[in-house]
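So this block is target-v1.txt, compact mmCIF, C-alpha atoms:
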# COMPACT_ATOMS: atom_id res chain seq x y z
CA MET A 1 3.58 30.93 2.17
CA THR A 2 1.88 28.07 0.34
CA SER A 3 3.82 26.73 -2.65
CA GLY A 4 2.02 25.44 -5.70
CA LEU A 5 3.58 21.99 -5.36
CA ALA A 6 2.67 21.73 -1.67
CA ALA A 7 -0.91 22.71 -2.50
CA GLN A 8 -1.01 19.91 -5.09
CA HIS A 9 0.26 17.46 -2.49
CA THR A 10 -2.43 18.37 0.01
CA ALA A 11 -5.15 18.32 -2.65
CA ARG A 12 -4.12 14.78 -3.60
CA ALA A 13 -3.87 13.83 0.07
CA ALA A 14 -7.47 14.97 0.55
CA ARG A 15 -8.63 12.46 -2.06
CA TRP A 16 -6.73 9.61 -0.41
CA ILE A 17 -8.13 10.60 2.99
CA ASP A 18 -11.66 10.51 1.60
CA ILE A 19 -11.08 7.04 0.15
CA LEU A 20 -9.52 5.71 3.34
CA ARG A 21 -12.19 7.25 5.56
CA ARG A 22 -14.93 5.43 3.65
CA GLN A 23 -13.11 2.11 3.18
CA PHE A 24 -11.64 1.64 6.65
CA PRO A 25 -15.02 0.58 8.17
CA GLU A 26 -15.20 -2.09 5.44
CA LEU A 27 -11.83 -3.35 6.60
CA LEU A 28 -13.13 -3.68 10.16
CA ARG A 29 -16.10 -5.65 8.88
CA GLU A 30 -13.73 -8.04 7.13
CA LEU A 31 -12.63 -9.23 10.58
CA ALA A 32 -16.16 -10.35 11.43
CA PRO A 33 -15.94 -13.82 9.79
CA GLY A 34 -12.96 -14.62 11.99
CA ARG A 35 -14.53 -13.68 15.32
CA PRO A 36 -14.82 -16.69 17.65
CA GLY A 37 -18.47 -17.32 18.41
CA ALA A 38 -20.42 -19.66 20.63
CA GLY A 39 -19.72 -22.58 18.31
CA THR A 40 -15.96 -22.20 18.63
CA ARG A 41 -16.11 -21.81 22.41
CA SER A 42 -17.90 -25.14 22.74
CA ARG A 43 -15.14 -27.05 20.95
CA PRO A 44 -12.60 -29.04 23.00
CA PRO A 45 -9.17 -27.40 23.53
CA LEU A 46 -6.50 -28.12 20.92
CA GLY A 47 -3.58 -30.37 21.77
CA THR A 48 0.07 -29.33 21.60
CA GLY A 49 0.59 -30.76 18.11
CA ALA A 50 -2.54 -29.07 16.75
CA LEU A 51 -1.56 -25.73 18.28
CA ARG A 52 1.91 -26.00 16.72
CA ALA A 53 0.42 -26.80 13.31
CA LEU A 54 -2.00 -23.87 13.63
CA GLY A 55 0.87 -21.53 14.51
CA GLU A 56 2.88 -22.71 11.51
CA ARG A 57 -0.10 -22.22 9.23
CA ASP A 58 -0.72 -18.72 10.58
CA SER A 59 2.94 -17.79 10.06
CA ALA A 60 2.85 -19.10 6.50
CA GLU A 61 -0.31 -17.11 5.73
CA ARG A 62 1.18 -13.96 7.20
CA ALA A 63 4.34 -14.37 5.10
CA GLU A 64 2.29 -15.06 1.96
CA ALA A 65 0.11 -12.01 2.55
CA LEU A 66 3.15 -9.80 3.10
CA LEU A 67 4.80 -11.06 -0.11
CA GLY A 68 1.60 -10.38 -2.01
CA GLU A 69 1.37 -6.85 -0.65
CA GLN A 70 4.95 -6.16 -1.65
CA HIS A 71 3.97 -6.99 -5.23
CA GLY A 72 0.56 -5.34 -5.18
CA LEU A 73 -1.34 -8.62 -5.14
CA ALA A 74 -4.56 -9.07 -3.19
CA PRO A 75 -4.90 -12.25 -1.11
CA LEU A 76 -6.74 -15.03 -2.91
CA GLY A 77 -9.64 -16.72 -1.15
CA THR A 78 -10.27 -16.72 2.56
CA SER A 79 -7.86 -17.62 5.29
CA ALA A 80 -8.23 -20.91 7.16
CA ALA A 81 -6.88 -19.25 10.31
CA PRO A 82 -9.31 -18.24 13.11
CA ILE A 83 -8.34 -14.59 12.49
CA ARG A 84 -7.62 -13.31 8.99
CA LEU A 85 -4.09 -12.19 9.72
CA HIS A 86 -3.60 -10.06 6.63
CA VAL A 87 -6.71 -8.09 7.61
CA SER A 88 -5.78 -7.68 11.27
CA ASP A 89 -2.26 -6.64 10.27
CA ALA A 90 -3.66 -4.01 7.89
CA VAL A 91 -6.07 -2.69 10.53
CA ARG A 92 -3.27 -2.34 13.05
CA ASP A 93 -0.88 -0.74 10.54
CA ILE A 94 -3.45 1.80 9.33
CA THR A 95 -4.68 2.61 12.84
CA ASP A 96 -1.14 3.21 14.10
CA GLY A 97 -0.28 5.14 10.95
CA VAL A 98 -3.25 7.50 11.22
CA VAL A 99 -2.53 8.18 14.90
CA GLU A 100 1.14 8.90 14.20
CA LEU A 101 0.33 11.06 11.19
CA GLU A 102 -2.15 13.23 13.08
CA GLU A 103 0.29 13.65 15.95
CA ALA A 104 3.09 14.59 13.53
CA VAL A 105 0.93 17.15 11.69
CA ARG A 106 -0.30 18.76 14.87
CA GLU A 107 3.19 18.87 16.35
CA LYS A 108 4.57 20.48 13.20
CA LEU A 109 1.78 23.07 13.27
CA GLY A 110 2.25 23.71 17.00
CA LEU A 111 -1.19 22.42 17.98
CA GLY A 112 -0.24 19.92 20.68
CA ARG A 113 -1.37 16.31 21.05
CA PRO A 114 -4.80 15.46 19.64
CA PRO A 115 -7.57 13.94 21.78
CA ARG A 116 -8.41 10.26 21.38
CA ALA A 117 -10.71 9.32 18.50
CA ASP A 118 -11.37 6.52 16.05
CA VAL A 119 -9.68 6.35 12.65
CA PRO A 120 -12.40 8.07 10.56
CA GLN A 121 -12.59 10.94 13.08
CA ARG A 122 -8.82 11.36 13.08
CA LEU A 123 -8.80 11.37 9.27
CA SER A 124 -11.44 14.11 9.26
CA ARG A 125 -9.30 16.16 11.63
CA ILE A 126 -6.22 15.66 9.42
CA ALA A 127 -8.25 16.76 6.39
CA ALA A 128 -9.25 19.92 8.24
CA LEU A 129 -5.55 20.78 8.73
CA LEU A 130 -4.48 20.30 5.10
CA ASP A 131 -4.63 24.01 4.23
CA ASP A 132 -2.27 24.75 7.09
CA ALA A 133 -0.04 21.80 6.17
CA ALA A 134 0.29 23.20 2.65
CA GLY A 135 2.44 25.95 4.10
CA ASP A 136 5.20 23.41 4.70
CA PRO A 137 6.22 21.54 1.50
CA VAL A 138 8.01 18.77 3.39
CA LEU A 139 5.04 18.19 5.69
CA ALA A 140 2.61 18.31 2.75
CA ARG A 141 4.56 15.61 0.89
CA HIS A 142 4.76 13.46 4.03
CA VAL A 143 0.99 13.67 4.51
CA LEU A 144 0.42 12.73 0.87
CA ASP A 145 2.82 9.77 1.00
CA GLU A 146 1.33 8.37 4.21
CA CYS A 147 -2.31 8.84 3.20
CA ARG A 148 -1.67 7.25 -0.18
CA ARG A 149 0.20 4.33 1.39
CA MET A 150 -2.53 3.60 3.94
CA ALA A 151 -5.40 3.98 1.49
CA ARG A 152 -3.72 1.64 -0.99
CA ARG A 153 -3.03 -0.93 1.71
CA CYS A 154 -6.66 -0.77 2.80
CA GLY A 155 -7.81 -1.22 -0.80
CA ARG A 156 -5.50 -4.15 -1.48
CA THR A 157 -6.62 -5.90 1.68
CA LEU A 158 -10.23 -5.48 0.59
CA GLY A 159 -9.34 -7.11 -2.74
CA ASP A 160 -8.93 -4.12 -5.03
CA PRO A 161 -6.67 -4.81 -8.03
CA GLU A 162 -3.49 -2.77 -8.22
CA THR A 163 -2.98 -0.56 -11.24
CA LEU A 164 -0.11 -1.43 -13.58
CA VAL A 165 1.06 1.00 -16.26
CA ARG A 166 3.17 0.00 -19.27
CA VAL A 167 6.67 1.51 -19.36
CA ASN A 168 8.54 1.96 -22.64
CA GLY A 169 11.82 0.13 -23.13
CA ARG A 170 13.04 -3.42 -22.58
CA CYS A 171 13.85 -5.14 -19.32
CA PRO A 172 17.64 -5.05 -18.85
CA TRP A 173 17.58 -8.64 -17.56
CA CYS A 174 15.32 -10.50 -20.01
CA ASP A 175 15.11 -8.02 -22.92
CA SER A 176 11.31 -8.28 -23.08
CA VAL A 177 8.87 -5.38 -23.29
CA SER A 178 7.51 -6.34 -19.86
CA LEU A 179 8.30 -3.31 -17.71
CA ARG A 180 5.33 -2.05 -15.72
CA ALA A 181 5.02 0.79 -13.22
CA MET A 182 3.06 0.39 -9.99
CA PRO A 183 1.90 3.91 -9.06
CA ALA A 184 0.90 2.94 -5.52
CA TRP A 185 4.41 1.77 -4.72
CA ARG A 186 6.23 4.20 -7.04
CA THR A 187 8.04 1.13 -8.33
CA VAL A 188 8.78 -0.38 -11.74
CA LEU A 189 8.95 -4.14 -12.13
CA CYS A 190 9.33 -6.76 -14.84
CA VAL A 191 6.19 -8.87 -15.18
CA ASN A 192 7.82 -11.56 -17.34
CA PRO A 193 7.40 -14.76 -15.25
CA GLY A 194 10.64 -16.16 -16.63
CA CYS A 195 12.76 -13.10 -15.88
CA ARG A 196 15.68 -13.67 -13.50
CA CYS A 197 18.40 -11.21 -12.57
CA THR A 198 21.93 -11.65 -11.23
CA ASP A 199 21.51 -9.17 -8.37
CA GLU A 200 22.61 -11.05 -5.24
CA GLU A 201 20.23 -8.98 -3.09
CA CYS A 202 17.18 -9.78 -5.24
CA PRO A 203 15.29 -12.99 -4.33
CA CYS A 204 13.80 -13.50 -7.80
CA ASP A 205 16.18 -16.41 -8.48
CA ASP A 206 15.04 -18.32 -5.38
CA ASN A 207 11.39 -17.25 -5.28
CA THR A 208 9.39 -17.63 -8.48
CA ALA A 209 6.68 -15.33 -7.09
CA HIS A 210 9.14 -12.44 -6.83
CA ARG A 211 9.70 -9.96 -9.66
CA HIS A 212 12.80 -7.83 -9.99
CA SER A 213 11.84 -4.23 -9.31
CA TRP A 214 13.30 -0.72 -9.37
CA THR A 215 12.34 1.88 -6.79
CA GLU A 216 12.35 5.60 -7.52
CA THR A 217 16.04 5.99 -6.75
CA GLY A 218 16.85 3.42 -9.44
CA TRP A 219 14.79 4.85 -12.29
CA ALA A 220 17.67 6.79 -13.82
CA GLN A 221 19.81 3.66 -14.09
CA LEU A 222 16.85 1.63 -15.35
CA ALA A 223 16.16 4.23 -18.02
CA ALA A 224 19.77 4.12 -19.16
CA ASP A 225 19.79 0.31 -19.29
CA ALA A 226 16.33 -0.15 -20.80
CA GLY A 227 16.28 2.64 -23.35
CA ALA A 228 13.54 4.40 -21.41
CA ASP A 229 13.23 7.87 -19.91
CA ALA A 230 13.34 8.44 -16.14
CA ASP A 231 11.22 11.59 -16.35
CA GLU A 232 8.67 9.72 -18.44
CA ILE A 233 8.45 6.98 -15.80
CA ALA A 234 7.81 9.56 -13.09
CA ALA A 235 5.25 11.33 -15.27
CA LEU A 236 3.41 8.06 -15.95
CA ILE A 237 3.13 7.26 -12.27
CA ASP A 238 2.03 10.75 -11.28
CA ALA A 239 -0.41 11.04 -14.17
CA ASP A 240 -1.97 7.67 -13.33
CA GLU A 241 -3.00 9.03 -9.97
CA ILE A 242 -3.89 12.59 -10.95
CA ALA A 243 -5.84 11.66 -14.10
CA GLY A 244 -8.39 9.78 -12.04
CA ARG A 245 -7.49 6.09 -12.03
CA VAL A 246 -8.08 6.63 -8.33
CA ASP A 247 -10.89 9.11 -7.78
CA THR A 248 -13.21 10.17 -4.99
CA GLY A 249 -15.47 7.28 -5.84
CA GLY A 250 -12.97 4.89 -4.27
CA THR A 251 -10.41 2.39 -5.47
CA ARG A 252 -12.65 -0.64 -5.80
CA GLY A 253 -12.84 -1.85 -9.37
CA SER A 254 -9.84 0.03 -10.75
CA ALA A 255 -8.41 -1.55 -13.87
CA ALA A 256 -4.99 -3.12 -14.09
CA ALA A 257 -4.19 -1.01 -17.13
CA GLY A 258 -1.34 -2.03 -19.32
CA ALA A 259 -0.80 -5.36 -17.57
CA ALA A 260 -1.39 -7.39 -20.71
Structure encoded using structure tokens:
Amino acid sequence: MTSGLAAQHTARAARWIDILRRQFPELLRELAPGRPGAGTRSRPPLGTGALRALGERDSAERAEALLGEQHGLAPLGTSAAPIRLHVSDAVRDITDGVVELEEAVREKLGLGRPPRADVPQRLSRIAALLDDAAGDPVLARHVLDECRRMARRCGRTLGDPETLVRVNGRCPWCDSVSLRAMPAWRTVLCVNPGCRCTDEECPCDDNTAHRHSWTETGWAQLAADAGADADEIAALIDADEIAGRVDTGGTRGSAAAGAA
């Protein structure tokens, strides 16, 4: 029997699938500038020192792109590497994720392994199974979480700004009204550049680009420390998605609401 909550999950998943299905081909096209052409093949081979420097630069770019993704930041400018690593990483992650998700859904529904297909085709097949998936609340939530995660990663890689929503209360570390929720990550963070915490596991003291953040499991404690409301935080994040900040027209151009 389909529960109302599971039906909501699959309805929201359908929107994320539609966004991802239309944006994934754009992601593939982003790899085009990095393809080696005739001009690159005619160049002399790189020496050992140059290859080492190129490898170090690629590693640095990959680390920078990963840090940016963890904070909802799109990469700035174009990569100097022959392949845009943040794009190729996103393509691989989304491709693997879609394959694994379709296999998991079909296995849960007793349909066996799916035939090979490209990402948009697999997404269409997943969308066709959403009504059946709604009969299993755990499966419905898993489909929603994965589709949302992959669509947001695709959008960020394409340069879409991440939505920030103002959260009431003061940061427990710096006492400023700088708490913001990131609906895509279901995370709250302090956007005050000068904020530093004393949590030994948080790198904000060593890395100025890092912001202390609270995941969903920490919202109750954050609310108690900040004078906020945990249920209100959850409602803000859910409402941001459902109310249409992300709609079937795609994520491109969404506003970073409440960031100021």
Can you list, as a count of residues only, every protein, DNA or RNA residue that comes within 12 Å of region 222-230 of chain A when you count all atoms listed in the file, leaving out same-chain residues fewer than 4 positions away? 31
Find the residues around Pro25 (chain A) up to 12 Å (only C-alpha atoms counted), leave out those fewer than 2 positions away in its own chain, and share them as a PyMOL selection string. chain A and resi 19-23+27-32+91+94-95+118-121+154-155+158
From the set A:Ala7, A:Ile126, A:Ala13, A:Met150, which residue has the shortest atom-to-atom contact distance to Glu103 (chain A), counting only C-alpha atoms? A:Ile126
Could you check how far CA of Arg186 (chain A) sits from CA of Asp160 (chain A), in Å to one decimal?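 So the two atoms, CA of Arg186 (chain A) and CA of Asp160 (chain A), lie 17.4 Å apart.
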Pairwise distance for CA of Glu146 (chain A) and CA of Trp16 (chain A), rounded to one decimal in Å: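 Separating CA of Glu146 (chain A) from CA of Trp16 (chain A) is a distance of 9.4 Å.
Rounded to one decimal, CA of Leu130 (chain A) and CA of Arg12 (chain A) lie 10.3 Å from each other.
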Shell of 12 Å around Asp131 (chain A), only C-alpha atoms, local chain residues under 6 positions omitted, as a ChimeraX atom specification: /A:1-3,6-11,13-14,105,109,125,137,139-140,143
Given only C-alpha atoms as the counted atoms, nearest of A:Ala117, A:Arg211, A:Val165, A:Val138 to Asn192 (chain A):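 Smallest separation from Asn192 (chain A) among the options: A:Arg211.
Compared by their closest atoms to Glu107 (chain A), and using only C-alpha atoms, the residues A:Thr163, A:Arg92, A:Ser124, A:Ala133 rank with A:Ala133 nearest.
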For Arg196 (chain A), work out the shell of residues within 7 Å, counting only C-alpha atoms and skipping chain neighbours fewer than 2 positions away, then give it as a count of residues only. 5
Have a look at A:Asp145, A:Asp206, A:Glu201, A:Asp18 and name the one nearest to Leu123 (chain A); count only C-alpha atoms.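 Nearest to Leu123 (chain A): A:Asp18.
Each of A:Val98, A:Gln221, A:Leu164, A:Leu129 was compared to Arg116 (chain A) using all atoms listed in the file, and A:Val98 turns out to be the nearest.
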Shortest interatomic distance to Arg156 (chain A) - which of A:Gly97, A:Phe24, A:Ala128, A:Pro114, counting only C-alpha atoms: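 Using only C-alpha atoms, Arg156 (chain A) sits closest to A:Phe24.
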